[in-house]
file work_17.csv (CSV, C-alpha atoms)
chain,number,residue,atom,x,y,z
A,309,ASN,CA,35.3,-94.5,-12.3
A,310,GLY,CA,37.8,-94.0,-15.1
A,311,SER,CA,35.4,-92.5,-17.6
A,312,PHE,CA,34.2,-90.0,-15.0
A,313,HIS,CA,37.6,-89.0,-13.7
A,314,ALA,CA,40.2,-89.7,-16.4
A,315,LYS,CA,42.3,-86.9,-18.0
A,316,PRO,CA,42.3,-86.6,-21.8
A,317,GLU,CA,45.9,-88.1,-22.0
A,318,GLN,CA,44.6,-91.2,-20.2
A,319,SER,CA,41.7,-91.8,-22.5
A,320,LYS,CA,43.3,-94.2,-25.0
A,321,ALA,CA,43.4,-96.9,-22.4
A,322,PHE,CA,39.6,-97.0,-22.5
A,323,PHE,CA,39.7,-97.8,-26.2
A,324,ASP,CA,42.2,-100.6,-25.7
A,325,ALA,CA,40.1,-102.2,-23.0
A,326,PHE,CA,36.8,-101.7,-25.0
A,327,HIS,CA,38.4,-103.1,-28.1
A,328,MET,CA,39.2,-106.4,-26.2
A,329,ILE,CA,35.5,-106.9,-25.7
A,330,ILE,CA,34.0,-105.6,-28.9
A,331,ALA,CA,36.5,-107.4,-31.2
A,332,LYS,CA,35.9,-110.9,-29.8
A,333,THR,CA,35.0,-113.5,-32.4
A,334,PRO,CA,31.3,-114.3,-32.2
A,335,MET,CA,29.7,-117.5,-33.3
A,336,SER,CA,28.5,-117.0,-36.8
A,337,SER,CA,25.7,-119.5,-37.0
A,338,GLY,CA,22.7,-120.4,-34.8
A,339,TYR,CA,19.7,-118.5,-33.6
A,340,LYS,CA,19.9,-114.8,-34.4
A,341,VAL,CA,18.8,-113.8,-31.0
A,342,TRP,CA,21.8,-115.6,-29.4
A,343,ILE,CA,24.2,-114.3,-32.0
A,344,ASP,CA,23.1,-110.7,-31.5
A,345,LEU,CA,23.2,-111.1,-27.7
A,346,GLN,CA,27.0,-111.6,-27.9
A,347,LYS,CA,27.2,-107.8,-28.3
A,348,TYR,CA,25.7,-107.3,-24.9
A,349,SER,CA,29.0,-106.9,-23.0
A,350,ALA,CA,30.1,-104.2,-25.4
A,351,LEU,CA,26.8,-102.5,-25.2
A,352,LEU,CA,26.9,-102.5,-21.4
A,353,LEU,CA,30.4,-101.0,-21.4
A,354,ALA,CA,29.4,-98.3,-24.0
A,355,TYR,CA,26.5,-97.2,-21.8
A,356,ALA,CA,28.4,-97.3,-18.5
A,357,THR,CA,31.3,-95.4,-20.1
A,358,GLY,CA,29.1,-92.9,-22.0
A,359,ILE,CA,26.8,-92.1,-19.1
A,360,SER,CA,29.7,-91.5,-16.7
A,361,ALA,CA,31.6,-89.4,-19.3
A,362,ILE,CA,28.6,-87.2,-20.1
A,363,ALA,CA,27.9,-86.7,-16.3
A,364,SER,CA,31.4,-85.2,-16.0
A,365,GLU,CA,31.6,-83.8,-19.5
A,366,ASN,CA,34.6,-86.0,-20.1
A,367,TYR,CA,34.1,-86.3,-23.9
A,368,ALA,CA,37.7,-87.2,-24.7
A,369,VAL,CA,37.1,-90.7,-23.1
A,370,LEU,CA,33.7,-91.1,-24.9
A,371,ASN,CA,35.4,-90.1,-28.2
A,372,GLU,CA,37.9,-93.0,-27.8
A,373,ILE,CA,35.2,-95.7,-27.8
A,374,ALA,CA,32.8,-93.9,-30.1
A,375,SER,CA,35.2,-92.8,-32.9
A,376,ARG,CA,38.1,-95.1,-33.2
A,377,PRO,CA,37.2,-98.0,-35.6
A,378,SER,CA,37.3,-101.5,-34.1
A,379,PHE,CA,37.9,-104.6,-36.1
A,380,ILE,CA,34.7,-106.6,-35.6
A,381,ARG,CA,35.1,-110.2,-36.9
A,382,HIS,CA,32.3,-111.6,-39.1
A,383,ASP,CA,31.0,-108.1,-39.6
A,384,ASP,CA,30.2,-106.7,-43.1
A,385,TYR,CA,32.1,-103.5,-42.4
A,386,LYS,CA,35.1,-105.0,-40.5
A,387,ASN,CA,36.7,-101.8,-39.2
A,388,VAL,CA,33.8,-99.7,-37.9
A,389,PRO,CA,33.3,-97.3,-35.0
A,390,ALA,CA,31.3,-98.9,-32.2
A,391,PRO,CA,28.1,-96.8,-32.6
A,392,GLY,CA,27.7,-98.2,-36.1
A,393,ARG,CA,27.2,-101.7,-34.8
A,394,ILE,CA,26.6,-101.6,-31.0
A,395,TYR,CA,23.2,-100.3,-30.0
A,396,THR,CA,20.2,-101.7,-28.2
A,397,HIS,CA,18.3,-102.9,-31.3
A,398,SER,CA,21.4,-104.7,-32.6
A,399,VAL,CA,21.7,-106.6,-29.3
A,400,MET,CA,18.1,-107.6,-29.0
A,401,ASP,CA,15.1,-106.6,-31.1
A,402,ARG,CA,12.1,-105.1,-29.3
A,403,ASP,CA,9.8,-108.1,-29.8
A,404,SER,CA,12.4,-110.6,-28.5
A,405,ALA,CA,13.1,-108.3,-25.6
A,406,ARG,CA,9.5,-108.1,-24.7
A,407,ARG,CA,9.3,-111.9,-24.6
A,408,LEU,CA,12.6,-112.6,-22.9
A,409,ILE,CA,13.2,-109.8,-20.3
A,410,PRO,CA,10.9,-110.1,-17.3
A,411,GLU,CA,8.4,-107.3,-16.7
A,412,MET,CA,9.1,-105.7,-20.1
A,413,GLU,CA,6.2,-107.1,-22.1
A,414,GLN,CA,4.5,-103.7,-22.6
A,415,ARG,CA,7.5,-101.4,-22.8
A,416,TYR,CA,8.2,-99.2,-25.8
A,417,THR,CA,11.9,-99.6,-25.3
A,418,PRO,CA,12.5,-102.7,-23.3
A,419,VAL,CA,16.3,-103.0,-23.6
A,420,SER,CA,16.8,-99.3,-22.8
A,421,ASP,CA,14.5,-99.7,-19.8
A,422,TYR,CA,16.4,-102.7,-18.6
A,423,LEU,CA,19.8,-100.9,-18.9
A,424,LEU,CA,18.5,-97.9,-17.0
A,425,ASP,CA,17.4,-100.1,-14.1
A,426,PHE,CA,20.6,-102.2,-14.2
A,427,LEU,CA,23.0,-99.3,-14.2
A,428,LYS,CA,21.4,-97.2,-11.5
A,429,ASN,CA,23.2,-99.2,-8.8
A,430,PRO,CA,26.8,-99.3,-10.1
A,431,LEU,CA,26.7,-95.7,-11.3
A,432,GLY,CA,24.5,-94.3,-8.5
A,433,TRP,CA,27.3,-93.0,-6.4
A,434,LEU,CA,28.6,-91.0,-9.4
A,435,ILE,CA,25.2,-89.6,-10.2
A,436,PRO,CA,23.2,-90.0,-7.0
A,437,ASP,CA,20.1,-88.0,-8.0
A,438,GLU,CA,17.7,-90.3,-9.7
A,439,ASP,CA,16.2,-87.6,-12.0
A,440,GLN,CA,19.7,-86.5,-13.0
A,441,PHE,CA,20.7,-90.1,-13.8
A,442,GLU,CA,17.6,-90.5,-15.9
A,443,ARG,CA,18.4,-87.3,-17.8
A,444,THR,CA,22.0,-88.3,-18.3
A,445,PHE,CA,20.9,-91.7,-19.5
A,446,ASP,CA,18.6,-90.1,-22.1
A,447,ASP,CA,21.3,-87.7,-23.2
A,448,PHE,CA,23.7,-90.6,-23.8
A,449,GLU,CA,21.1,-92.5,-25.8
A,450,TYR,CA,20.3,-89.5,-28.0
A,451,LEU,CA,24.0,-88.7,-28.5
A,452,TRP,CA,24.8,-92.4,-29.3
A,453,CYS,CA,21.9,-92.4,-31.9
A,454,LEU,CA,23.5,-89.4,-33.7
A,455,LEU,CA,26.9,-91.0,-33.5
A,456,HIS,CA,25.4,-94.2,-35.1
A,457,VAL,CA,23.9,-92.1,-38.0
A,458,ASP,CA,27.3,-90.3,-38.4
A,459,ALA,CA,29.2,-93.6,-38.5
A,460,GLU,CA,26.8,-94.9,-41.2
A,461,LYS,CA,27.1,-91.7,-43.3
A,462,GLN,CA,30.9,-91.9,-43.1
A,463,VAL,CA,30.9,-95.4,-44.7
A,464,GLY,CA,28.4,-94.3,-47.3
A,465,ALA,CA,25.6,-96.5,-46.1
A,466,GLY,CA,22.3,-96.3,-48.1
A,467,HIS,CA,19.2,-96.5,-45.9
A,468,ILE,CA,20.2,-95.1,-42.5
A,469,TRP,CA,18.1,-96.0,-39.5
A,470,ALA,CA,18.0,-93.9,-36.3
A,471,PRO,CA,18.2,-96.3,-33.3
A,472,PHE,CA,15.9,-94.7,-30.8
A,473,GLY,CA,16.0,-94.9,-27.1
A,474,ALA,CA,13.7,-94.2,-24.1
A,475,PHE,CA,14.1,-90.5,-24.7
A,476,CYS,CA,11.7,-90.8,-27.6
A,477,TRP,CA,8.8,-91.2,-25.2
A,478,ARG,CA,10.2,-90.0,-21.9
A,479,ARG,CA,11.2,-86.5,-23.2
A,480,ARG,CA,8.4,-86.1,-25.7
A,481,ASP,CA,7.1,-83.0,-23.8
A,482,GLY,CA,10.5,-81.3,-24.1
A,483,ARG,CA,11.6,-81.7,-20.5
A,484,GLY,CA,15.3,-82.5,-20.3
A,485,GLU,CA,15.9,-82.8,-24.0
A,486,ARG,CA,19.2,-81.0,-23.4
A,487,PHE,CA,21.2,-82.7,-26.1
A,488,LYS,CA,18.6,-82.1,-28.9
A,489,ASP,CA,18.4,-78.4,-28.0
A,490,GLN,CA,22.1,-78.0,-27.5
A,491,ALA,CA,22.9,-79.8,-30.8
A,492,ARG,CA,20.4,-77.6,-32.7
A,493,ARG,CA,21.8,-74.5,-31.1
A,494,ALA,CA,25.4,-75.5,-31.9
A,495,ILE,CA,24.5,-76.1,-35.5
A,496,ASP,CA,22.5,-72.9,-35.8
A,497,GLN,CA,25.4,-70.9,-34.3
A,498,SER,CA,28.2,-72.9,-36.0
A,499,ASP,CA,29.5,-73.3,-32.5
A,500,SER,CA,32.4,-75.9,-32.5
A,501,SER,CA,33.0,-75.2,-28.8
A,502,TRP,CA,30.0,-77.3,-27.9
A,503,PRO,CA,31.6,-79.8,-25.5
A,504,PRO,CA,31.0,-83.0,-27.5
A,505,LEU,CA,32.5,-81.5,-30.6
A,506,LYS,CA,35.4,-80.0,-28.6
A,507,GLY,CA,36.0,-83.5,-27.2
A,508,GLY,CA,36.4,-84.8,-30.8
A,509,LEU,CA,33.0,-86.4,-31.4
A,510,PHE,CA,31.8,-86.1,-35.0
A,511,GLY,CA,35.4,-85.4,-35.9
A,512,GLY,CA,34.9,-82.1,-34.2
A,513,SER,CA,33.0,-81.0,-37.3
A,514,ILE,CA,29.8,-78.9,-37.2
A,515,GLU,CA,29.1,-80.2,-40.7
A,516,ARG,CA,29.1,-83.8,-39.7
A,517,LEU,CA,27.0,-83.0,-36.6
A,518,SER,CA,24.5,-81.1,-38.8
A,519,ASP,CA,24.3,-83.9,-41.3
A,520,ALA,CA,23.6,-86.5,-38.6
A,521,PHE,CA,21.1,-84.3,-36.9
A,522,SER,CA,19.2,-83.6,-40.2
A,523,GLU,CA,19.1,-87.3,-41.0
A,524,ALA,CA,18.1,-88.5,-37.5
A,525,GLN,CA,15.8,-85.9,-36.0
A,526,PRO,CA,12.8,-86.3,-38.5
A,527,LYS,CA,12.9,-90.0,-38.0
A,528,LEU,CA,13.1,-89.7,-34.2
A,529,ASP,CA,10.1,-87.3,-34.3
A,530,LYS,CA,8.1,-89.7,-36.3
A,531,ILE,CA,9.0,-92.6,-34.0
A,532,SER,CA,7.9,-90.5,-31.0
A,533,GLU,CA,4.6,-89.6,-32.6
A,534,ASN,CA,4.0,-93.3,-33.3
A,535,PHE,CA,4.3,-94.1,-29.7
A,536,TYR,CA,1.3,-91.9,-29.0
call {"tool": "encode", "arguments": {"input": "work_17.csv", "output": "structure tokens"}}
result
Amino acid sequence: NGSFHAKPEQSKAFFDAFHMIIAKTPMSSGYKVWIDLQKYSALLLAYATGISAIASENYAVLNEIASRPSFIRHDDYKNVPAPGRIYTHSVMDRDSARRLIPEMEQRYTPVSDYLLDFLKNPLGWLIPDEDQFERTFDDFEYLWCLLHVDAEKQVGAGHIWAPFGAFCWRRRDGRGERFKDQARRAIDQSDSSWPPLKGGLFGGSIERLSDAFSEAQPKLDKISENFY
């Protein structure tokens, strides 16, 4: 509700609430699958907030949780923006998800598919059309992927991976790839009025968006080709 309706001056409250979840001290020993799964609450909040914010173009709220560094205990980077550490593959790898999540054995993106099904009900009254919800979900995953790449580049990471989502196979024919097309057009036209940039994502910088896009898109294209 808040991420859909909040005014920009109210957006910091979302970071404060999100930070309470993301910064909790995880157990640092044990099976990796259970250690990683401790990030699930933060992942679920990121998706719910991000999908709602994109649906209403409320990017000031999304910017709060995506751009403000959070102190993550037992993490190599310590203070890091959420997209750098919270994404589907960091919560559960694909092989584990196929084994552990019912009816996901043959899915390309099992965690993404699970989240899509799970969030349809609580977010359905905000985005009642099922096709629109699916497109908004894919837009969020694509944007969050670019934000992950941007976060990694800002800390000078070496090998940068592009955490893909269901959009890699669902939008392969180009239908609904709104964010990829919009991002490319904003870069080509040096258009800093593109709503995500205007809302503060990528520091409001065309250059940072362009760097993230150039790094991520070839990798996403290759992943998409591998699915087929």
call {"tool": "atom_distance", "arguments": {"input": "work_17.csv", "atom1": "CA of Lys527 in chain A", "atom2": "CA of Ser398 in chain A"}}
result
17.8 Å
call {"tool": "closest_atom_pairs", "arguments": {"input": "work_17.csv", "of": "range 330-435 of chain A", "to": "range 511-525 of chain A", "cutoff": "12 Å", "atoms": "only C-alpha atoms", "output": "JSON lines"}}
result
{"residue": "A:Tyr367", "atom": "CA", "partner": "A:Gly512", "partner_atom": "CA", "distance": 11.2}
{"residue": "A:Ala368", "atom": "CA", "partner": "A:Gly512", "partner_atom": "CA", "distance": 11.1}
{"residue": "A:Asn371", "atom": "CA", "partner": "A:Gly511", "partner_atom": "CA", "distance": 9.0}
{"residue": "A:Glu372", "atom": "CA", "partner": "A:Gly511", "partner_atom": "CA", "distance": 11.4}
{"residue": "A:Ala374", "atom": "CA", "partner": "A:Gly511", "partner_atom": "CA", "distance": 10.6}
{"residue": "A:Ser375", "atom": "CA", "partner": "A:Gly511", "partner_atom": "CA", "distance": 8.0}
{"residue": "A:Arg376", "atom": "CA", "partner": "A:Gly511", "partner_atom": "CA", "distance": 10.4}
call {"tool": "atom_distance", "arguments": {"input": "work_17.csv", "atom1": "CA of Lys428 in chain A", "atom2": "CA of Val341 in chain A"}}
result
25.7 Å
call {"tool": "closest_residue", "arguments": {"input": "work_17.csv", "among": "A:Phe445, A:Trp477, A:Phe472, A:Asp529", "to": "Phe426 in chain A", "atoms": "all atoms listed in the file"}}
result
A:Phe445
call {"tool": "residues_around", "arguments": {"input": "work_17.csv", "residues": "range 344-355 of chain A", "least_positions_apart": "2", "cutoff": "8 Å", "atoms": "only C-alpha atoms", "output": "ChimeraX atom specification"}}
result
/A:326,329-330,334,340-342,357-359,373,394-396,398-400,423,448
call {"tool": "atom_distance", "arguments": {"input": "work_17.csv", "atom1": "CA of Met412 in chain A", "atom2": "CA of Leu427 in chain A"}}
result
16.4 Å
call {"tool": "residues_near_point", "arguments": {"input": "work_17.csv", "point": "(25.9, -87.2, -17.8)", "cutoff": "10 Å", "atoms": "all atoms listed in the file", "output": "VMD selection string"}}
result
chain A and resid 312 358 to 366 434 to 435 440 to 448
call {"tool": "axis_aligned_box", "arguments": {"input": "work_17.csv", "around": "range 425-430 of chain A", "padding_each_side": "6 Å", "output": "AutoDock Vina command-line options"}}
result
--center_x 22.1 --center_y -99.7 --center_z -11.5 --size_x 21.4 --size_y 17.0 --size_z 17.4
call {"tool": "residues_near_point", "arguments": {"input": "work_17.csv", "point": "(39.3, -89.6, -18.8)", "cutoff": "9 Å", "atoms": "only C-alpha atoms", "output": "short mmCIF file (atom, residue, chain, number, x, y, z; two decimals) with C-alpha atoms, keeping the file's coordinate frame"}}
result
data_model
loop_
_atom_site.label_atom_id
_atom_site.label_comp_id
_atom_site.auth_asym_id
_atom_site.auth_seq_id
_atom_site.Cartn_x
_atom_site.Cartn_y
_atom_site.Cartn_z
CA GLY A 310 37.80 -94.00 -15.10
CA SER A 311 35.40 -92.50 -17.60
CA PHE A 312 34.20 -90.00 -15.00
CA HIS A 313 37.60 -89.00 -13.70
CA ALA A 314 40.20 -89.70 -16.40
CA LYS A 315 42.30 -86.90 -18.00
CA PRO A 316 42.30 -86.60 -21.80
CA GLU A 317 45.90 -88.10 -22.00
CA GLN A 318 44.60 -91.20 -20.20
CA SER A 319 41.70 -91.80 -22.50
CA LYS A 320 43.30 -94.20 -25.00
CA PHE A 322 39.60 -97.00 -22.50
CA ALA A 361 31.60 -89.40 -19.30
CA ASN A 366 34.60 -86.00 -20.10
CA TYR A 367 34.10 -86.30 -23.90
CA ALA A 368 37.70 -87.20 -24.70
CA VAL A 369 37.10 -90.70 -23.10
CA LEU A 370 33.70 -91.10 -24.90
#
call {"tool": "closest_residue", "arguments": {"input": "work_17.csv", "among": "A:Lys488, A:Arg493, A:Lys506, A:Lys530", "to": "Leu454 in chain A", "atoms": "only C-alpha atoms"}}
result
A:Lys488
call {"tool": "closest_residue", "arguments": {"input": "work_17.csv", "among": "A:Trp452, A:Ala405, A:Ala356, A:Asp458", "to": "Gly432 in chain A", "atoms": "all atoms listed in the file"}}
result
A:Ala356
call {"tool": "closest_residue", "arguments": {"input": "work_17.csv", "among": "A:Ala474, A:Arg492, A:Pro391, A:Ile343", "to": "Arg415 in chain A", "atoms": "only C-alpha atoms"}}
result
A:Ala474
